[in-house]
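**Student:** What follows is the file structure.cif, containing mmCIF, C-alpha atoms:
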```
data_work
#
loop_
_atom_site.label_atom_id
_atom_site.label_comp_id
_atom_site.auth_asym_id
_atom_site.auth_seq_id
_atom_site.Cartn_x
_atom_site.Cartn_y
_atom_site.Cartn_z
CA MET E 61 0.00 0.00 0.00
CA SER E 62 2.98 2.27 0.21
CA ARG E 63 2.59 3.28 -3.46
CA HIS E 64 -0.67 5.07 -2.71
CA GLY E 65 -0.92 8.41 -0.96
CA PRO E 66 -2.99 9.31 2.08
CA MET E 67 -5.78 10.84 -0.02
CA ALA E 68 -6.31 7.56 -1.85
CA LEU E 69 -6.39 5.76 1.50
CA LEU E 70 -8.82 8.33 2.91
CA PHE E 71 -11.19 7.86 -0.01
CA ALA E 72 -10.92 4.06 0.03
CA THR E 73 -11.82 3.90 3.74
CA MET E 74 -14.32 6.79 3.82
CA TYR E 75 -16.38 5.95 0.73
CA PRO E 76 -17.63 2.54 1.95
CA GLN E 77 -18.47 3.97 5.39
CA THR E 78 -20.43 6.85 3.86
CA LEU E 79 -22.45 4.64 1.54
CA MET E 80 -23.12 1.96 4.15
CA SER E 81 -24.11 4.59 6.72
CA MET E 82 -26.54 6.04 4.19
CA MET E 83 -28.09 2.62 3.57
CA VAL E 84 -28.40 1.69 7.26
CA LEU E 85 -30.08 5.04 7.99
CA THR E 86 -32.43 4.83 4.99
CA PRO E 87 -35.14 2.70 6.70
CA PRO E 88 -35.46 5.13 9.67
CA VAL E 89 -35.73 8.06 7.23
CA VAL E 90 -38.70 6.39 5.51
CA ALA E 91 -39.97 4.63 8.65
CA GLU E 92 -43.53 5.87 8.20
CA GLN E 93 -43.73 4.49 4.66
CA VAL E 94 -42.08 1.18 5.63
CA THR E 95 -44.33 0.53 8.62
CA SER E 96 -47.51 1.46 6.73
CA ALA E 97 -46.47 -0.67 3.74
CA TYR E 98 -46.25 -3.76 5.94
CA GLY E 99 -49.09 -2.92 8.31
CA LEU E 100 -46.82 -2.43 11.32
CA PRO E 101 -47.24 0.03 14.20
CA ALA E 102 -45.06 3.13 13.95
CA GLU E 103 -43.27 2.15 17.17
CA MET E 104 -41.67 -0.76 15.31
CA ALA E 105 -39.25 1.73 13.79
CA GLY E 106 -37.38 1.69 17.09
CA VAL E 107 -37.05 -2.09 16.93
CA TYR E 108 -35.13 -1.73 13.67
CA ALA E 109 -32.38 0.32 15.35
CA ALA E 110 -32.00 -2.16 18.22
CA ALA E 111 -32.03 -5.23 15.96
CA SER E 112 -29.66 -3.59 13.51
CA TYR E 113 -27.02 -2.92 16.17
CA VAL E 114 -27.17 -6.52 17.37
CA PHE E 115 -26.01 -7.60 13.91
CA VAL E 116 -23.57 -4.69 13.70
CA ALA E 117 -21.91 -6.07 16.84
CA ILE E 118 -21.77 -9.58 15.35
CA GLY E 119 -20.26 -8.22 12.14
CA THR E 120 -17.72 -6.23 14.15
CA LEU E 121 -16.58 -9.32 16.07
CA ALA E 122 -16.31 -11.41 12.92
CA THR E 123 -14.09 -8.82 11.22
CA ALA E 124 -10.91 -9.77 13.04
CA SER E 125 -10.83 -13.25 11.52
CA VAL E 126 -11.94 -12.15 8.03
CA ILE E 127 -9.51 -9.25 7.43
CA PRO E 128 -6.33 -11.39 7.13
CA ARG E 129 -8.00 -13.72 4.62
CA VAL E 130 -9.62 -11.07 2.42
CA GLY E 131 -7.86 -7.77 3.07
CA PRO E 132 -9.47 -4.80 4.88
CA LEU E 133 -10.23 -2.69 1.79
CA ARG E 134 -11.58 -5.61 -0.24
CA LEU E 135 -13.77 -6.49 2.72
CA SER E 136 -15.04 -2.90 2.94
CA PHE E 137 -16.06 -2.76 -0.71
CA ALA E 138 -17.60 -6.23 -0.50
CA CYS E 139 -19.75 -4.87 2.34
CA ILE E 140 -21.06 -2.12 0.03
CA VAL E 141 -21.98 -4.67 -2.61
CA ALA E 142 -23.76 -6.97 -0.17
CA GLY E 143 -25.33 -4.06 1.73
CA GLY E 144 -26.83 -2.62 -1.45
CA CYS E 145 -28.41 -5.97 -2.27
CA ALA E 146 -29.76 -6.15 1.29
CA LEU E 147 -31.38 -2.69 1.05
CA ALA E 148 -33.10 -3.71 -2.18
CA LEU E 149 -34.72 -6.60 -0.25
CA PHE E 150 -36.80 -4.04 1.65
CA GLY E 151 -38.74 -3.43 -1.54
CA LEU E 152 -39.71 -7.03 -2.27
CA GLY E 153 -43.02 -6.85 -0.42
CA SER E 154 -42.37 -9.35 2.37
CA LEU E 155 -41.81 -8.85 6.10
CA ALA E 156 -39.43 -11.81 6.02
CA PHE E 157 -37.25 -9.93 3.53
CA VAL E 158 -37.30 -6.86 5.81
CA VAL E 159 -35.98 -8.95 8.70
CA LEU E 160 -33.35 -10.55 6.49
CA ALA E 161 -32.31 -7.17 5.08
CA THR E 162 -31.95 -5.70 8.57
CA ALA E 163 -29.65 -8.55 9.58
CA LEU E 164 -27.55 -8.35 6.42
CA MET E 165 -27.10 -4.57 6.57
CA GLY E 166 -26.03 -4.78 10.20
CA LEU E 167 -23.52 -7.51 9.35
CA CYS E 168 -22.17 -5.38 6.48
CA TYR E 169 -21.93 -2.19 8.54
CA GLY E 170 -20.08 -3.79 11.46
CA PRO E 171 -16.76 -4.52 9.71
CA LEU E 172 -16.22 -1.07 8.19
CA THR E 173 -14.56 0.77 11.09
CA PRO E 174 -12.22 -2.11 12.12
CA ALA E 175 -11.36 -2.79 8.48
CA GLY E 176 -10.66 0.90 7.90
CA GLN E 177 -8.44 0.98 10.99
CA GLN E 178 -6.44 -1.98 9.75
CA ALA E 179 -6.09 -0.56 6.24
CA ILE E 180 -4.75 2.71 7.67
CA ALA E 181 -2.36 0.87 9.99
CA ASN E 182 -1.07 -1.20 7.05
CA GLY E 183 -0.19 1.92 5.05
CA GLU E 184 2.55 4.48 5.38
CA PRO E 185 2.70 6.37 8.73
CA ILE E 186 0.36 9.38 8.77
CA ALA E 187 1.66 12.52 10.44
CA ASN E 188 -1.69 13.89 11.64
CA LEU E 189 -3.34 10.60 12.53
CA ALA E 190 -6.09 11.95 14.80
CA LEU E 191 -7.14 14.54 12.23
CA PHE E 192 -7.02 11.94 9.44
CA LEU E 193 -9.25 9.54 11.38
CA SER E 194 -11.56 12.34 12.47
CA VAL E 195 -12.09 13.41 8.87
CA ARG E 196 -12.71 9.79 7.94
CA GLN E 197 -15.30 9.44 10.71
CA THR E 198 -17.34 12.32 9.24
CA ALA E 199 -18.49 9.59 6.83
CA VAL E 200 -21.17 8.58 9.36
CA PRO E 201 -22.98 11.96 9.57
CA LEU E 202 -22.40 12.50 5.85
CA GLY E 203 -24.16 9.21 5.15
CA GLY E 204 -27.05 10.33 7.35
CA MET E 205 -27.24 13.63 5.47
CA LEU E 206 -27.35 11.80 2.13
CA ALA E 207 -30.11 9.51 3.38
CA GLY E 208 -32.16 12.51 4.46
CA LEU E 209 -31.62 14.43 1.24
CA VAL E 210 -31.84 11.68 -1.39
CA VAL E 211 -34.22 8.98 -0.17
CA PRO E 212 -37.36 11.03 0.64
CA ALA E 213 -37.07 12.81 -2.72
CA LEU E 214 -36.85 9.44 -4.50
CA VAL E 215 -39.87 8.10 -2.59
CA VAL E 216 -41.94 11.15 -3.58
CA ARG E 217 -40.95 10.87 -7.25
CA THR E 218 -41.38 7.08 -7.49
CA ASP E 219 -42.52 4.85 -4.62
CA LEU E 220 -40.95 3.16 -1.61
CA GLU E 221 -40.00 -0.09 -3.35
CA THR E 222 -38.46 1.65 -6.38
CA ALA E 223 -36.56 4.14 -4.23
CA LEU E 224 -35.00 1.40 -2.10
CA PHE E 225 -34.09 -0.59 -5.19
CA ILE E 226 -32.46 2.45 -6.81
CA VAL E 227 -30.40 3.31 -3.71
CA GLY E 228 -29.40 -0.31 -3.05
CA GLY E 229 -28.67 -1.07 -6.71
CA THR E 230 -26.60 2.09 -7.13
CA ALA E 231 -24.55 1.26 -4.03
CA THR E 232 -23.91 -2.27 -5.28
CA LEU E 233 -22.86 -1.12 -8.75
CA THR E 234 -20.61 1.68 -7.50
CA GLY E 235 -19.06 -0.67 -4.96
CA LEU E 236 -18.21 -3.17 -7.69
CA LEU E 237 -16.93 -0.44 -10.01
CA ALA E 238 -14.83 1.41 -7.43
CA GLY E 239 -13.44 -1.79 -5.96
CA SER E 240 -12.37 -2.93 -9.41
CA LEU E 241 -10.86 0.37 -10.57
CA LEU E 242 -9.11 1.69 -7.46
CA GLY E 243 -5.50 0.55 -7.46
CA ILE E 244 -5.24 0.76 -3.69
CA VAL E 245 -7.99 -1.87 -3.46
CA ARG E 246 -6.98 -3.96 -6.44
CA HIS E 247 -3.36 -4.31 -5.34
CA GLU E 248 -4.06 -4.82 -1.66
CA LYS E 249 -1.95 -7.57 -0.12
CA ARG E 250 -3.37 -10.16 2.22
CA GLU E 251 -1.75 -10.90 5.54
CA PRO E 252 0.44 -14.02 5.38
CA ARG E 253 -1.42 -15.44 8.38
CA PRO E 254 -4.15 -14.28 10.78
CA VAL E 255 -3.05 -12.03 13.64
CA ALA E 256 -4.85 -14.20 16.14
CA ARG E 257 -6.72 -17.48 15.96
CA ALA E 258 -8.35 -17.31 19.35
CA GLY E 259 -11.91 -17.45 18.07
CA PHE E 260 -14.94 -15.24 17.64
CA LEU E 261 -14.66 -13.53 21.05
CA ALA E 262 -10.91 -12.91 20.83
CA PRO E 263 -11.27 -9.12 20.29
CA LEU E 264 -13.35 -8.88 23.45
CA ARG E 265 -10.77 -10.91 25.37
CA LEU E 266 -8.08 -8.52 24.16
CA MET E 267 -9.96 -5.62 25.76
CA LEU E 268 -10.51 -7.50 29.00
CA GLY E 269 -6.82 -8.36 29.23
CA HIS E 270 -5.52 -4.84 28.55
CA ARG E 271 -6.54 -2.44 31.32
CA ALA E 272 -5.62 0.75 29.43
CA LEU E 273 -7.71 -0.33 26.43
CA LEU E 274 -10.50 -1.44 28.73
CA ALA E 275 -10.60 1.97 30.42
CA MET E 276 -10.87 3.73 27.05
CA SER E 277 -13.51 1.25 25.90
CA PHE E 278 -15.68 1.96 28.95
CA ALA E 279 -15.25 5.66 28.24
CA SER E 280 -16.40 5.07 24.66
CA MET E 281 -19.48 3.29 26.01
CA ILE E 282 -20.39 6.43 27.97
CA TYR E 283 -19.55 8.75 25.10
CA GLY E 284 -21.52 6.60 22.65
CA ALA E 285 -24.55 6.73 24.93
CA LEU E 286 -24.38 10.53 25.12
CA GLN E 287 -23.97 10.77 21.35
CA LEU E 288 -27.14 8.80 20.64
CA VAL E 289 -29.12 10.53 23.39
CA VAL E 290 -28.45 13.92 21.83
CA SER E 291 -29.11 12.84 18.25
CA SER E 292 -32.29 10.90 19.06
CA LEU E 293 -33.90 12.89 21.91
CA LEU E 294 -32.84 16.51 21.42
CA VAL E 295 -35.96 17.32 19.38
CA VAL E 296 -38.20 15.81 22.06
CA PHE E 297 -36.40 17.79 24.77
CA VAL E 298 -36.67 21.11 22.93
CA MET E 299 -40.36 20.60 22.15
CA ARG E 300 -41.61 19.01 25.35
CA GLU E 301 -39.45 20.70 27.98
CA LEU E 302 -38.71 24.04 26.34
CA GLY E 303 -42.04 24.51 24.56
CA ARG E 304 -40.69 25.11 21.05
CA ASP E 305 -42.42 24.02 17.85
CA LEU E 306 -41.22 21.25 15.53
CA VAL E 307 -39.52 23.66 13.12
CA THR E 308 -37.45 25.26 15.87
CA ALA E 309 -36.63 21.88 17.42
CA GLY E 310 -35.55 20.54 14.04
CA MET E 311 -33.33 23.58 13.56
CA MET E 312 -31.65 22.88 16.92
CA LEU E 313 -31.01 19.29 15.85
CA GLY E 314 -29.53 20.55 12.59
CA ILE E 315 -27.21 22.88 14.52
CA SER E 316 -26.06 20.00 16.71
CA GLN E 317 -25.37 17.78 13.70
CA ALA E 318 -23.42 20.51 11.92
CA ALA E 319 -21.38 20.92 15.11
CA ALA E 320 -20.83 17.15 15.13
CA VAL E 321 -19.11 17.25 11.75
CA GLY E 322 -17.07 20.32 12.66
CA GLY E 323 -16.30 18.94 16.11
CA ARG E 324 -14.83 15.71 14.79
CA ILE E 325 -12.40 17.62 12.59
CA ALA E 326 -11.59 20.26 15.22
CA TRP E 327 -10.90 17.76 18.02
CA GLY E 328 -8.70 15.70 15.71
CA PHE E 329 -6.71 18.81 14.80
CA ILE E 330 -6.32 19.76 18.47
CA ALA E 331 -5.22 16.24 19.45
CA ASP E 332 -2.50 16.22 16.82
CA ARG E 333 -1.28 19.70 17.77
CA ILE E 334 -0.92 18.99 21.49
CA GLY E 335 0.15 15.36 20.99
CA ARG E 336 -2.01 13.99 23.81
CA LEU E 337 -4.81 11.82 22.49
CA ARG E 338 -6.09 10.52 25.82
CA GLY E 339 -5.89 14.02 27.29
CA THR E 340 -7.98 15.33 24.40
CA LEU E 341 -10.55 12.58 24.96
CA GLY E 342 -10.71 13.63 28.61
CA ALA E 343 -11.22 17.27 27.60
CA ILE E 344 -14.05 16.23 25.29
CA GLY E 345 -15.69 14.43 28.22
CA LEU E 346 -15.39 17.54 30.38
CA GLY E 347 -16.99 19.50 27.54
CA MET E 348 -19.86 17.00 27.44
CA ALA E 349 -20.40 17.42 31.17
CA MET E 350 -20.43 21.21 30.86
CA ALA E 351 -22.90 21.05 27.96
CA CYS E 352 -25.18 18.73 29.97
CA VAL E 353 -25.17 21.18 32.91
CA MET E 354 -26.05 23.98 30.50
CA ALA E 355 -28.92 21.84 29.13
CA TRP E 356 -30.12 21.27 32.72
CA ALA E 357 -30.31 25.07 33.19
CA LEU E 358 -32.48 25.69 30.11
CA THR E 359 -36.10 26.73 30.67
CA PRO E 360 -38.99 27.74 28.38
CA ALA E 361 -37.98 31.38 29.00
CA THR E 362 -34.46 30.81 27.64
CA PRO E 363 -33.80 32.72 24.38
CA ASP E 364 -33.52 30.65 21.22
CA TRP E 365 -29.92 31.74 20.65
CA THR E 366 -28.93 30.28 24.01
CA ILE E 367 -30.66 27.00 23.21
CA ALA E 368 -28.82 27.00 19.87
CA LEU E 369 -25.50 27.51 21.67
CA VAL E 370 -26.19 24.57 23.99
CA ALA E 371 -27.24 22.41 21.02
CA PHE E 372 -23.98 23.36 19.29
CA LEU E 373 -21.90 22.42 22.34
CA LEU E 374 -23.78 19.15 22.79
CA GLY E 375 -23.26 18.18 19.17
CA GLY E 376 -19.61 19.24 19.03
CA THR E 377 -18.67 17.25 22.13
CA THR E 378 -20.93 14.18 22.19
CA SER E 379 -20.25 13.43 18.51
CA GLY E 380 -16.71 14.80 18.26
CA TRP E 381 -14.76 12.10 20.06
CA ASN E 382 -14.75 9.24 17.52
CA GLY E 383 -11.66 10.01 15.47
CA VAL E 384 -9.49 10.81 18.48
CA PHE E 385 -10.65 7.62 20.17
CA LEU E 386 -9.75 5.49 17.14
CA ALA E 387 -6.35 7.18 16.87
CA SER E 388 -5.70 6.46 20.54
CA LEU E 389 -6.63 2.82 20.01
CA MET E 390 -4.29 2.57 17.04
CA GLN E 391 -1.37 3.93 19.05
CA SER E 392 -2.02 1.48 21.90
CA VAL E 393 -1.46 -1.74 19.95
CA PRO E 394 0.94 -3.05 17.28
CA ALA E 395 -0.03 -2.07 13.74
CA ALA E 396 -1.04 -5.64 12.87
CA GLN E 397 -3.66 -5.58 15.65
CA ALA E 398 -5.31 -2.23 14.80
CA GLY E 399 -8.48 -3.77 13.35
CA PHE E 400 -8.49 -6.44 16.03
CA ALA E 401 -8.46 -3.83 18.81
CA ALA E 402 -11.13 -1.72 17.10
CA SER E 403 -13.43 -4.75 16.88
CA GLY E 404 -13.24 -5.28 20.64
CA ALA E 405 -13.48 -1.63 21.66
CA LEU E 406 -16.46 -0.88 19.42
CA LEU E 407 -18.52 -3.52 21.23
CA PHE E 408 -18.48 -1.23 24.27
CA SER E 409 -19.37 1.79 22.12
CA TYR E 410 -22.32 -0.06 20.58
CA LEU E 411 -23.52 -1.15 24.01
CA GLY E 412 -23.69 2.50 25.04
CA ILE E 413 -25.46 3.37 21.79
CA VAL E 414 -28.12 0.72 22.39
CA LEU E 415 -28.67 1.35 26.11
CA GLY E 416 -28.19 5.12 26.32
CA PRO E 417 -31.38 6.50 24.73
CA PRO E 418 -33.88 4.17 26.47
CA LEU E 419 -32.24 4.66 29.89
CA PHE E 420 -32.13 8.43 29.45
CA GLY E 421 -35.72 8.44 28.19
CA GLY E 422 -36.89 6.41 31.16
CA LEU E 423 -35.12 8.70 33.61
CA ALA E 424 -36.56 11.76 31.86
CA ALA E 425 -40.04 10.28 32.15
CA LEU E 426 -39.60 9.64 35.87
CA ALA E 427 -37.67 12.72 37.01
CA GLY E 428 -37.76 15.13 34.07
CA PHE E 429 -35.29 16.10 31.38
CA PRO E 430 -33.23 18.48 33.58
CA VAL E 431 -32.43 15.74 36.10
CA ALA E 432 -31.69 13.30 33.28
CA PHE E 433 -29.18 15.75 31.78
CA LEU E 434 -27.51 16.22 35.17
CA VAL E 435 -27.10 12.46 35.53
CA LEU E 436 -25.74 12.34 32.00
CA GLY E 437 -23.21 15.01 32.96
CA VAL E 438 -22.02 12.90 35.89
CA PHE E 439 -21.46 9.95 33.56
CA ALA E 440 -19.57 12.24 31.17
CA LEU E 441 -17.26 13.18 34.05
CA GLY E 442 -16.71 9.47 34.68
CA GLY E 443 -15.77 8.97 31.03
CA ALA E 444 -13.37 11.91 31.22
CA ALA E 445 -11.75 10.45 34.35
CA LEU E 446 -11.19 7.12 32.58
CA CYS E 447 -9.48 8.88 29.68
CA LEU E 448 -7.37 11.15 31.89
CA MET E 449 -6.15 8.23 33.98
CA PRO E 450 -2.38 7.85 33.44
CA ALA E 451 -1.65 5.04 31.01
CA HIS E 452 0.70 3.30 33.47
CA ALA E 453 -2.02 3.35 36.14
CA ALA E 454 -4.36 1.49 33.81
CA GLU E 455 -1.88 -1.27 33.08
#
```
Since I need it in another form, could you write the structure as structure tokens?
**Tutor:**
Amino acid sequence: MSRHGPMALLFATMYPQTLMSMMVLTPPVVAEQVTSAYGLPAEMAGVYAAASYVFVAIGTLATASVIPRVGPLRLSFACIVAGGCALALFGLGSLAFVVLATALMGLCYGPLTPAGQQAIANGEPIANLALFLSVRQTAVPLGGMLAGLVVPALVVRTDLETALFIVGGTATLTGLLAGSLLGIVRHEKREPRPVARAGFLAPLRLMLGHRALLAMSFASMIYGALQLVVSSLLVVFVMRELGRDLVTAGMMLGISQAAAVGGRIAWGFIADRIGRLRGTLGAIGLGMAMACVMAWALTPATPDWTIALVAFLLGGTTSGWNGVFLASLMQSVPAAQAGFAASGALLFSYLGIVLGPPLFGGLAALAGFPVAFLVLGVFALGGAALCLMPAHAAE
């Protein structure tokens, strides 16, 4: 891979993540049409997210044993091809196909981050690693933006089944084309032998046996929970607690998501400049805690510009940590184990993603949103403490 520059590597790892993120987020974007098409209650849309992440976790664990046999970039582009076919299954008029498609898309989405980590580790050293990975991780919100912009317009112009087939078919074709034409993918070398042959749960055992990695993984579980709470419940908070209308609440969510993209890049830049990845992760956690306290202080009488500022801080911190976290992981293990370590660590992140919103929602229902945000701030402080713990103390 040394013959290819960092921009080629960035594209080859970012493109599959963007497309697959778009496809995984397509069913929630058209949830009303999907549930009505199959005669399901609207609440079933939430089941999709939970079921999807179960298969994402399975796909993530399986990645460690597949990468050496296939190659991380080939695996990534194969995931696009298979994921596009899976999305097209949603339009075949059967609930069984919907279930199968959900499982397949989760399995295809899971390998992308570990495979990207391994591909980057296999290449030439990158000077600004945290910034590089942070830019790459903007693929996730970019995929969400594409799903929101493209899919509803296609549904309006055609119908649900045709729109899903077009998006899935296009992803499959472009995955085949790009994977065949890109030299960095075509000339990728396989590992001579697997890094580890310890079985399906080996990445998890790596985390449990490495206290520094385990501390960061628990921090990522907390940070992942906060990220999904903000992205999934901010609109409800602004409308129900602060008395704003849907348009204003949607604008606040848009501000937070724009800050998420900018935050990922900014935190990666800062981490590279100061040279302390774990310290930057700790600072992000402290920023999350401060933003949660500011959210606790909001009232219906708060001016909109203040709410917008809090939404910006929430988005820039709760969604800004990913690239720095992955860079810290990569620096903590030998290059050959980069994807292996990411597979294990992401299991903790996904656990936070799955558990965070329902636990926060339940607490908000019992004690109110302000109390729930205060509790969230305490957890953010805990995540910051785990990151700021000296590396030798975690060994």
**Student:** I need the residue nearest Leu302 in chain E from this list: E:Gly428, E:Pro128, E:Pro263, E:Gly412. Use all atoms listed in the file for the distance.
**Tutor:**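 Between E:Gly428, E:Pro128, E:Pro263, E:Gly412, the residue approaching Leu302 in chain E most closely is E:Gly428.
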**Student:** Taking the file as I've supplied it (selection: the PyMOL selection byres ((chain E and resi 215) around 12)), which residues are included? Please answer as a list in words.
**Tutor:**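 Output from the PyMOL selection byres ((chain E and resi 215) around 12), applied to this file: Thr86, Pro87, Val89, Val90, Ala91, Glu92, Gln93, Val94, Gly151, Ala207, Gly208, Leu209, Val210, Val211, Pro212, Ala213, Leu214, Val216, Arg217, Thr218, Asp219, Leu220, Glu221, Thr222, Ala223, Leu224, Phe225, Ile226 and Val227 of chain E.
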**Student:** Leaving out Ala357 in chain E and any residue of its chain fewer than 6 positions from it, which residues lie within 12 Å of it when counting all atoms listed in the file, given as a PDB file with C-alpha atoms, in the coordinates of the input?
**Tutor:**
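Heads up, here's the output in result-v6.pdb:
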```pdb
ATOM      1  CA  GLU E 301     -39.450  20.700  27.980  1.00  0.00           C
ATOM      2  CA  LEU E 302     -38.710  24.040  26.340  1.00  0.00           C
ATOM      3  CA  MET E 350     -20.430  21.210  30.860  1.00  0.00           C
ATOM      4  CA  ALA E 351     -22.900  21.050  27.960  1.00  0.00           C
ATOM      5  CA  THR E 366     -28.930  30.280  24.010  1.00  0.00           C
ATOM      6  CA  ILE E 367     -30.660  27.000  23.210  1.00  0.00           C
ATOM      7  CA  VAL E 370     -26.190  24.570  23.990  1.00  0.00           C
ATOM      8  CA  PHE E 429     -35.290  16.100  31.380  1.00  0.00           C
ATOM      9  CA  PRO E 430     -33.230  18.480  33.580  1.00  0.00           C
ATOM     10  CA  VAL E 431     -32.430  15.740  36.100  1.00  0.00           C
ATOM     11  CA  ALA E 432     -31.690  13.300  33.280  1.00  0.00           C
ATOM     12  CA  PHE E 433     -29.180  15.750  31.780  1.00  0.00           C
ATOM     13  CA  LEU E 434     -27.510  16.220  35.170  1.00  0.00           C
TER      14      LEU E 434
END
```
**Student:** What gap, in Å, lies between CA of Ala238 in chain E and CA of Phe137 in chain E?
**Tutor:** 8.0 Å
**Student:** Which one is closest to Arg324 in chain E: E:Phe408, E:Trp381, E:Tyr283, E:Trp356? Count all atoms listed in the file.
**Tutor:**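 Nearest to Arg324 in chain E: E:Trp381.
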